[in-house]
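Here is model-v3.pdb, consisting of PDB, C-alpha atoms:
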MODEL        1
ATOM      1  CA  MET A 367      86.784 100.638  62.198
ATOM      2  CA  ARG A 368      89.644 102.465  63.907
ATOM      3  CA  THR A 369      91.531 104.922  61.690
ATOM      4  CA  ASP A 370      94.377 105.691  64.110
ATOM      5  CA  PRO A 371      97.528 104.697  62.148
ATOM      6  CA  SER A 372      99.125 103.394  65.353
ATOM      7  CA  ILE A 373      96.451 100.645  65.459
ATOM      8  CA  PRO A 374      96.901  98.582  62.265
ATOM      9  CA  TYR A 375      93.808  96.476  62.985
ATOM     10  CA  ASP A 376      90.048  96.806  62.910
ATOM     11  CA  THR A 377      89.045  97.433  66.539
ATOM     12  CA  ASP A 378      86.051  95.096  66.230
ATOM     13  CA  ALA A 379      88.347  92.319  65.024
ATOM     14  CA  LEU A 380      90.654  92.830  67.995
ATOM     15  CA  LEU A 381      87.761  92.671  70.436
ATOM     16  CA  ARG A 382      86.521  89.528  68.687
ATOM     17  CA  THR A 383      89.928  87.960  69.274
ATOM     18  CA  ALA A 384      89.556  88.512  73.018
ATOM     19  CA  ARG A 385      86.036  87.062  73.014
ATOM     20  CA  THR A 386      86.726  83.960  70.959
ATOM     21  CA  ARG A 387      90.307  82.960  71.759
ATOM     22  CA  PRO A 388      91.852  82.111  75.128
ATOM     23  CA  PRO A 389      94.679  84.441  76.175
ATOM     24  CA  ASP A 390      98.186  83.292  75.341
ATOM     25  CA  ILE A 391      99.402  84.633  78.679
ATOM     26  CA  THR A 392      97.355  85.118  81.845
ATOM     27  CA  GLY A 393      98.816  86.996  84.804
ATOM     28  CA  ARG A 394      97.551  88.474  88.040
ATOM     29  CA  SER A 395      96.584  91.781  86.452
ATOM     30  CA  LYS A 396      96.735  91.207  82.668
ATOM     31  CA  GLU A 397      95.553  88.895  79.906
ATOM     32  CA  LEU A 398      97.592  88.946  76.678
ATOM     33  CA  TRP A 399      96.919  87.723  73.147
ATOM     34  CA  ARG A 400      99.815  87.452  70.675
ATOM     35  CA  LEU A 401      99.149  89.023  67.266
ATOM     36  CA  PRO A 402     101.067  89.055  63.966
ATOM     37  CA  ASP A 403     103.708  91.695  63.248
ATOM     38  CA  GLY A 404     105.207  91.567  66.744
ATOM     39  CA  LEU A 405     102.146  93.043  68.446
ATOM     40  CA  CYS A 406      99.889  91.941  71.273
ATOM     41  CA  LEU A 407      96.460  92.736  72.641
ATOM     42  CA  VAL A 408      96.321  93.289  76.399
ATOM     43  CA  ARG A 409      93.324  93.359  78.723
ATOM     44  CA  ILE A 410      93.684  94.846  82.173
ATOM     45  CA  VAL A 411      92.260  92.605  84.879
ATOM     46  CA  PRO A 412      90.773  94.944  87.542
ATOM     47  CA  SER A 413      92.431  93.099  90.392
ATOM     48  CA  LEU A 414      93.979  94.688  93.437
ATOM     49  CA  ARG A 415      96.421  92.511  95.331
ATOM     50  CA  SER A 416      98.647  92.970  98.352
ATOM     51  CA  PHE A 417     100.691  90.028  99.583
ATOM     52  CA  THR A 418     101.916  92.008 102.611
ATOM     53  CA  TYR A 419      98.406  92.878 103.762
ATOM     54  CA  GLY A 420      96.726  89.648 102.636
ATOM     55  CA  ARG A 421      94.165  91.216 100.294
ATOM     56  CA  ASP A 422      93.180  90.117  96.791
ATOM     57  CA  GLU A 423      90.014  91.547  95.252
ATOM     58  CA  ILE A 424      88.375  92.559  91.978
ATOM     59  CA  VAL A 425      87.335  96.225  91.821
ATOM     60  CA  GLU A 426      85.812  96.579  88.354
ATOM     61  CA  GLU A 427      86.116 100.347  87.845
ATOM     62  CA  THR A 428      89.854 100.355  88.536
ATOM     63  CA  GLY A 429      90.605  98.691  85.172
ATOM     64  CA  PRO A 430      89.409 101.572  82.958
ATOM     65  CA  LEU A 431      91.004 104.098  85.335
ATOM     66  CA  ARG A 432      94.356 102.341  85.139
ATOM     67  CA  LEU A 433      94.225 102.308  81.351
ATOM     68  CA  ALA A 434      93.187 105.972  81.130
ATOM     69  CA  PHE A 435      96.172 106.940  83.276
ATOM     70  CA  TYR A 436      98.535 104.638  81.372
ATOM     71  CA  GLU A 437      97.442 106.035  78.010
ATOM     72  CA  ARG A 438      98.345 109.564  79.110
ATOM     73  CA  ALA A 439     101.553 108.495  80.834
ATOM     74  CA  ALA A 440     102.750 106.599  77.754
ATOM     75  CA  ALA A 441     102.167 109.688  75.602
ATOM     76  CA  ARG A 442     104.225 111.850  77.964
ATOM     77  CA  LEU A 443     107.023 109.319  78.243
ATOM     78  CA  THR A 444     107.211 108.766  74.487
ATOM     79  CA  GLU A 445     107.330 112.513  73.938
ATOM     80  CA  ALA A 446     110.272 112.660  76.369
ATOM     81  CA  GLY A 447     112.184 109.983  74.462
ATOM     82  CA  VAL A 448     111.343 106.911  76.567
ATOM     83  CA  ASP A 449     110.481 103.988  74.265
ATOM     84  CA  CYS A 450     107.115 102.501  75.311
ATOM     85  CA  ALA A 451     105.430  99.332  74.075
ATOM     86  CA  PHE A 452     101.991 100.983  74.292
ATOM     87  CA  ARG A 453     100.466 101.568  70.825
ATOM     88  CA  GLY A 454      96.918 102.683  71.545
ATOM     89  CA  ARG A 455      93.704 102.067  73.416
ATOM     90  CA  VAL A 456      91.306  99.554  71.878
ATOM     91  CA  GLY A 457      88.459  99.522  74.383
ATOM     92  CA  GLU A 458      87.525 100.432  77.925
ATOM     93  CA  ASP A 459      90.081  98.069  79.428
ATOM     94  CA  MET A 460      92.123  96.846  76.425
ATOM     95  CA  TYR A 461      95.079  98.179  74.484
ATOM     96  CA  LEU A 462      97.449  97.294  71.675
ATOM     97  CA  ALA A 463     101.179  97.069  72.359
ATOM     98  CA  ASP A 464     104.452  95.852  70.917
ATOM     99  CA  TYR A 465     105.251  92.373  72.200
ATOM    100  CA  CYS A 466     108.709  92.591  73.770
ATOM    101  CA  PRO A 467     110.204  89.672  75.714
ATOM    102  CA  ALA A 468     111.265  90.608  79.239
ATOM    103  CA  PRO A 469     113.210  88.874  81.998
ATOM    104  CA  PRO A 470     111.334  88.315  85.308
ATOM    105  CA  PHE A 471     112.662  91.438  87.014
ATOM    106  CA  GLU A 472     111.200  94.839  87.775
ATOM    107  CA  VAL A 473     112.878  98.138  88.511
ATOM    108  CA  ILE A 474     111.654 100.210  91.473
ATOM    109  CA  VAL A 475     112.377 103.898  91.924
ATOM    110  CA  LYS A 476     111.821 105.388  95.378
ATOM    111  CA  ASN A 477     111.719 109.110  96.104
ATOM    112  CA  VAL A 478     110.358 108.691  99.627
ATOM    113  CA  ALA A 479     111.169 106.159 102.350
ATOM    114  CA  THR A 480     108.053 104.017 102.624
ATOM    115  CA  GLY A 481     106.750 100.500 102.076
ATOM    116  CA  SER A 482     109.497  97.907 101.759
ATOM    117  CA  THR A 483     112.195 100.498 102.536
ATOM    118  CA  THR A 484     111.071 101.004 106.112
ATOM    119  CA  ARG A 485     109.646  97.486 106.530
ATOM    120  CA  LYS A 486     112.781  95.623 105.437
ATOM    121  CA  TYR A 487     115.348  98.157 106.669
ATOM    122  CA  PRO A 488     113.931  99.457 109.958
ATOM    123  CA  GLY A 489     115.688 102.409 111.524
ATOM    124  CA  LEU A 490     117.595 103.553 108.434
ATOM    125  CA  PHE A 491     115.125 106.197 107.216
ATOM    126  CA  PRO A 492     112.091 107.867 108.834
ATOM    127  CA  ASP A 493     108.848 106.622 107.287
ATOM    128  CA  GLY A 494     107.366 109.099 104.821
ATOM    129  CA  GLU A 495     110.509 111.243 104.574
ATOM    130  CA  PRO A 496     111.964 112.198 101.166
ATOM    131  CA  LEU A 497     115.169 110.354 100.371
ATOM    132  CA  PRO A 498     118.302 112.463  99.710
ATOM    133  CA  ARG A 499     118.210 111.227  96.108
ATOM    134  CA  PRO A 500     116.050 108.783  94.152
ATOM    135  CA  VAL A 501     116.909 105.183  95.006
ATOM    136  CA  VAL A 502     116.759 102.475  92.332
ATOM    137  CA  LYS A 503     116.419  98.810  93.246
ATOM    138  CA  PHE A 504     115.607  95.583  91.412
ATOM    139  CA  ASP A 505     113.143  92.853  92.370
ATOM    140  CA  TYR A 506     112.836  89.288  91.138
ATOM    141  CA  ARG A 507     109.207  88.726  90.166
ATOM    142  CA  THR A 508     108.198  85.451  91.764
ATOM    143  CA  ASP A 509     105.177  84.104  93.659
ATOM    144  CA  PRO A 510     103.992  84.594  96.251
ATOM    145  CA  GLU A 511     106.077  87.739  96.930
ATOM    146  CA  ASP A 512     108.615  89.532  94.750
ATOM    147  CA  GLN A 513     112.127  89.457  96.199
ATOM    148  CA  PRO A 514     114.918  92.079  96.144
ATOM    149  CA  ILE A 515     117.881  90.898  94.086
ATOM    150  CA  GLY A 516     121.479  92.084  93.977
ATOM    151  CA  GLU A 517     122.532  93.807  90.764
ATOM    152  CA  ASP A 518     125.467  91.454  90.192
ATOM    153  CA  TYR A 519     123.048  88.571  89.691
ATOM    154  CA  LEU A 520     121.454  90.574  86.881
ATOM    155  CA  ARG A 521     124.855  91.332  85.373
ATOM    156  CA  ALA A 522     125.691  87.614  85.531
ATOM    157  CA  LEU A 523     122.566  87.043  83.426
ATOM    158  CA  GLY A 524     123.788  89.573  80.887
ATOM    159  CA  LEU A 525     121.160  92.231  81.650
ATOM    160  CA  PRO A 526     121.907  95.921  80.946
ATOM    161  CA  VAL A 527     121.686  97.040  84.562
ATOM    162  CA  GLU A 528     123.028 100.567  84.076
ATOM    163  CA  ALA A 529     120.806 101.211  81.072
ATOM    164  CA  MET A 530     117.767 100.005  83.032
ATOM    165  CA  ARG A 531     118.718 102.240  85.953
ATOM    166  CA  GLU A 532     119.195 105.241  83.679
ATOM    167  CA  ARG A 533     115.886 104.661  81.896
ATOM    168  CA  ALA A 534     113.989 104.194  85.176
ATOM    169  CA  LEU A 535     115.358 107.506  86.463
ATOM    170  CA  ALA A 536     114.295 109.182  83.205
ATOM    171  CA  VAL A 537     110.775 107.821  83.782
ATOM    172  CA  ASN A 538     110.931 109.240  87.303
ATOM    173  CA  ASP A 539     111.852 112.706  86.018
ATOM    174  CA  VAL A 540     108.972 112.707  83.531
ATOM    175  CA  LEU A 541     106.382 111.494  86.028
ATOM    176  CA  ARG A 542     107.400 113.918  88.765
ATOM    177  CA  SER A 543     107.303 116.883  86.416
ATOM    178  CA  TRP A 544     104.058 115.850  84.732
ATOM    179  CA  LEU A 545     102.101 115.000  87.900
ATOM    180  CA  ALA A 546     103.183 117.930  90.101
ATOM    181  CA  PRO A 547     101.780 119.067  92.495
ATOM    182  CA  VAL A 548     100.782 115.420  93.044
ATOM    183  CA  ARG A 549     103.889 113.799  94.527
ATOM    184  CA  VAL A 550     105.392 110.582  93.180
ATOM    185  CA  TRP A 551     106.612 108.579  96.189
ATOM    186  CA  ASP A 552     107.653 105.474  94.253
ATOM    187  CA  PHE A 553     106.803 103.230  91.306
ATOM    188  CA  CYS A 554     107.868 100.020  89.587
ATOM    189  CA  VAL A 555     108.421  99.381  85.881
ATOM    190  CA  ILE A 556     109.419  96.475  83.655
ATOM    191  CA  PHE A 557     111.697  96.781  80.642
ATOM    192  CA  GLY A 558     111.740  94.421  77.687
ATOM    193  CA  THR A 559     113.792  94.189  74.528
ATOM    194  CA  GLY A 560     112.448  95.586  71.263
ATOM    195  CA  ARG A 561     112.969  93.986  67.864
ATOM    196  CA  ASP A 562     115.939  96.272  67.223
ATOM    197  CA  GLY A 563     117.496  95.414  70.573
ATOM    198  CA  ARG A 564     116.474  98.655  72.263
ATOM    199  CA  LEU A 565     115.223  98.838  75.850
ATOM    200  CA  VAL A 566     111.440  99.307  75.910
ATOM    201  CA  LEU A 567     109.129 100.123  78.821
ATOM    202  CA  ILE A 568     106.552  97.340  78.590
ATOM    203  CA  SER A 569     104.720  97.630  81.913
ATOM    204  CA  GLU A 570     101.622  99.584  82.742
ATOM    205  CA  VAL A 571     102.150 102.938  84.463
ATOM    206  CA  SER A 572      99.204 103.608  86.762
ATOM    207  CA  GLN A 573      98.058 103.917  90.366
ATOM    208  CA  ASP A 574      98.279 100.135  90.630
ATOM    209  CA  CYS A 575     102.082 100.252  90.466
ATOM    210  CA  MET A 576     102.845 103.627  92.062
ATOM    211  CA  ARG A 577     102.512 105.563  95.270
ATOM    212  CA  LEU A 578     101.059 109.023  94.704
ATOM    213  CA  ARG A 579     100.175 111.683  97.261
ATOM    214  CA  HIS A 580      97.793 114.593  96.838
ATOM    215  CA  GLU A 581      98.841 118.067  97.950
ATOM    216  CA  ASP A 582      96.807 117.467 101.109
ATOM    217  CA  GLY A 583      98.860 114.333 101.851
ATOM    218  CA  SER A 584      96.145 111.789 101.080
ATOM    219  CA  PRO A 585      97.038 108.655  99.064
ATOM    220  CA  LEU A 586      95.810 108.357  95.468
ATOM    221  CA  ASP A 587      97.046 104.833  94.796
ATOM    222  CA  LYS A 588      96.966 101.191  95.934
ATOM    223  CA  ASP A 589      97.932 102.178  99.489
ATOM    224  CA  LEU A 590      94.203 102.826  99.946
ATOM    225  CA  PHE A 591      93.563  99.156  99.194
ATOM    226  CA  ARG A 592      96.405  98.078 101.448
ATOM    227  CA  GLY A 593      94.797 100.098 104.220
ATOM    228  CA  GLY A 594      91.409  98.362 103.888
ATOM    229  CA  VAL A 595      89.542 101.180 102.132
ATOM    230  CA  PRO A 596      86.458  99.834 100.260
ATOM    231  CA  GLY A 597      86.388  99.721  96.476
ATOM    232  CA  ALA A 598      84.039 102.664  95.875
ATOM    233  CA  GLU A 599      86.267 104.989  97.891
ATOM    234  CA  ILE A 600      89.406 103.720  96.117
ATOM    235  CA  VAL A 601      87.802 104.573  92.761
ATOM    236  CA  ALA A 602      86.762 108.033  93.978
ATOM    237  CA  GLN A 603      90.263 108.833  95.213
ATOM    238  CA  TRP A 604      91.944 107.489  92.081
ATOM    239  CA  ARG A 605      89.763 109.815  89.999
ATOM    240  CA  ARG A 606      91.283 112.805  91.817
ATOM    241  CA  VAL A 607      94.597 112.204  90.013
ATOM    242  CA  PHE A 608      92.963 113.249  86.746
ATOM    243  CA  ASP A 609      92.394 116.745  88.130
ATOM    244  CA  ALA A 610      96.174 117.200  87.936
ATOM    245  CA  ILE A 611      96.738 115.725  84.473
TER     246      ILE A 611
ENDMDL
END
Would you write the structure of this file as structure tokens?
Amino acid sequence: MRTDPSIPYDTDALLRTARTRPPDITGRSKELWRLPDGLCLVRIVPSLRSFTYGRDEIVEETGPLRLAFYERAAARLTEAGVDCAFRGRVGEDMYLADYCPAPPFEVIVKNVATGSTTRKYPGLFPDGEPLPRPVVKFDYRTDPEDQPIGEDYLRALGLPVEAMRERALAVNDVLRSWLAPVRVWDFCVIFGTGRDGRLVLISEVSQDCMRLRHEDGSPLDKDLFRGGVPGAEIVAQWRRVFDAI
């Protein structure tokens, strides 16, 4: 039985829930079970997907690596004053979290011109060059490909755009400081609303939703998958991040 006060459940009982009950929510990279007391159990699906490059695969070892990174990131962010839904790790690929409703939008912070920046806006910035300042943008999460959305649409829906921007930049500051000398090129996060109305970071923070570069310039993230690198090599490169943290 788990004694960590942040996990108010018997770990074996939580794992039994996942074995015996269908998930309440199934997504591309997560399965989620609602629990009493405003909590949820989440299992990471070890999927790697790139709409742009037409790849969608299961790479089993990436699930535990993503959760190991997320567990450490959530601790750092919480320590820095960023409210996180993450409560604690339950198993190799499962964790307990606060269940916070969230609108279908994500916030992207870019420190370097790459990916959609140079693909959608050719000629504005040299590929791979640091931006003069971090750029924040919002995407509408929809299949088959997320779409950029103007901030005024979000305001029309009553969303706290400035607070989301401010919180995303705070996440950026924490990650860049914590991971140095590994460089944070960009990342995406999702914010939900806590029971007291506060803004809460509910999304995973891992190599699956970031671009990270080693001191030697090599990618340590999903760009390896986008580039056709096989699963075993992706896992080996992702492990290198832990040398820095």
Next on the checklist: I'd like the contact shell of Asn538 of chain A - 12 Å cut-off, all atoms listed in the file, skipping same-chain residues fewer than 3 positions apart - returned as an MDAnalysis selection string.
Outcome noted: chainID A and resid 439 442:443 446 448 473:477 499:502 531:535 541:546 549:555 571 576
Item to check | Test item: residues at most 9 Å from Tyr506 of chain A, all atoms listed in the file, excluding those fewer than 6 positions along its chain, as a PyMOL selection string | outcome: chain A and resi 470-472+512-515
Expected axis-aligned box over every listed atom of segment 445-462 of chain A, 8 Å added per side, centre plus edges in Å to one decimal, as JSON:
{"center_x": 99.9, "center_y": 104.8, "center_z": 75.1, "size_x": 40.7, "size_y": 31.8, "size_z": 24.6}
Item to check | Residue with smallest distance to Gly481 of chain A - pool A:Glu570, A:Ser416, A:Glu528, A:Val537, counting all atoms listed in the file | outcome: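 Going through A:Glu570, A:Ser416, A:Glu528, A:Val537 one by one, the smallest distance to Gly481 of chain A is for A:Ser416.
Nearest residue to Lys503 of chain A, choosing from A:Val601, A:Ala384, A:Ala379, A:Met530 and counting all atoms listed in the file: A:Met530.
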Next on the checklist: Using the chain letters and numbers from this file, what does the PyMOL selection byres ((chain A and resi 422) around 12) select? Give the answer as a PyMOL selection string.
Outcome noted: chain A and resi 394-395+412-421+423-425+588+591-592+594+597
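Minimum atom-to-atom distances from A:Gly558, A:Gly429, A:Pro496, A:Gly516 to Asp459 of chain A were compared using only C-alpha atoms, and the lowest value belongs to A:Gly429.
Minimum atom-to-atom distance to Asp509 of chain A, evaluated using all atoms listed in the file, belongs to A:Gly393 out of A:Pro488, A:Gly393, A:Pro467, A:Pro430.
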Next on the checklist: Residue by residue, what does the PyMOL selection byres ((chain A and resi 406-409) around 6) grab here? Present the result as a PyMOL selection string.
Outcome noted: chain A and resi 396-401+405+410+459-463+465
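Residue nearest Asp449 of chain A within the list A:Phe491, A:Phe557, A:Phe504, A:Tyr519: A:Phe557 [criterion: smallest interatomic distance, all atoms listed in the file].
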Checklist outcome for this item: Among A:Leu578, A:Ala451, A:Val595, A:Leu433, Val548 of chain A is approached most closely, using all atoms listed in the file, by A:Leu578
Checklist entry - Mind listing as an MDAnalysis selection string all residues within 7 Å of (108.3, 100.1, 73.9), counting all atoms listed in the file? => result chainID A and resid 449:452 464 560 566:568
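We find atom CA of Val607 of chain A and atom CA of Leu586 of chain A to be spaced 6.8 Å apart.
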Next on the checklist: So the first atom is atom CA of Cys575 of chain A and the second is atom CA of Arg385 of chain A; what is the distance between them in Å, to one decimal place?
Outcome noted: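 Interatomic distance, atom CA of Cys575 of chain A to atom CA of Arg385 of chain A: 27.1 Å.
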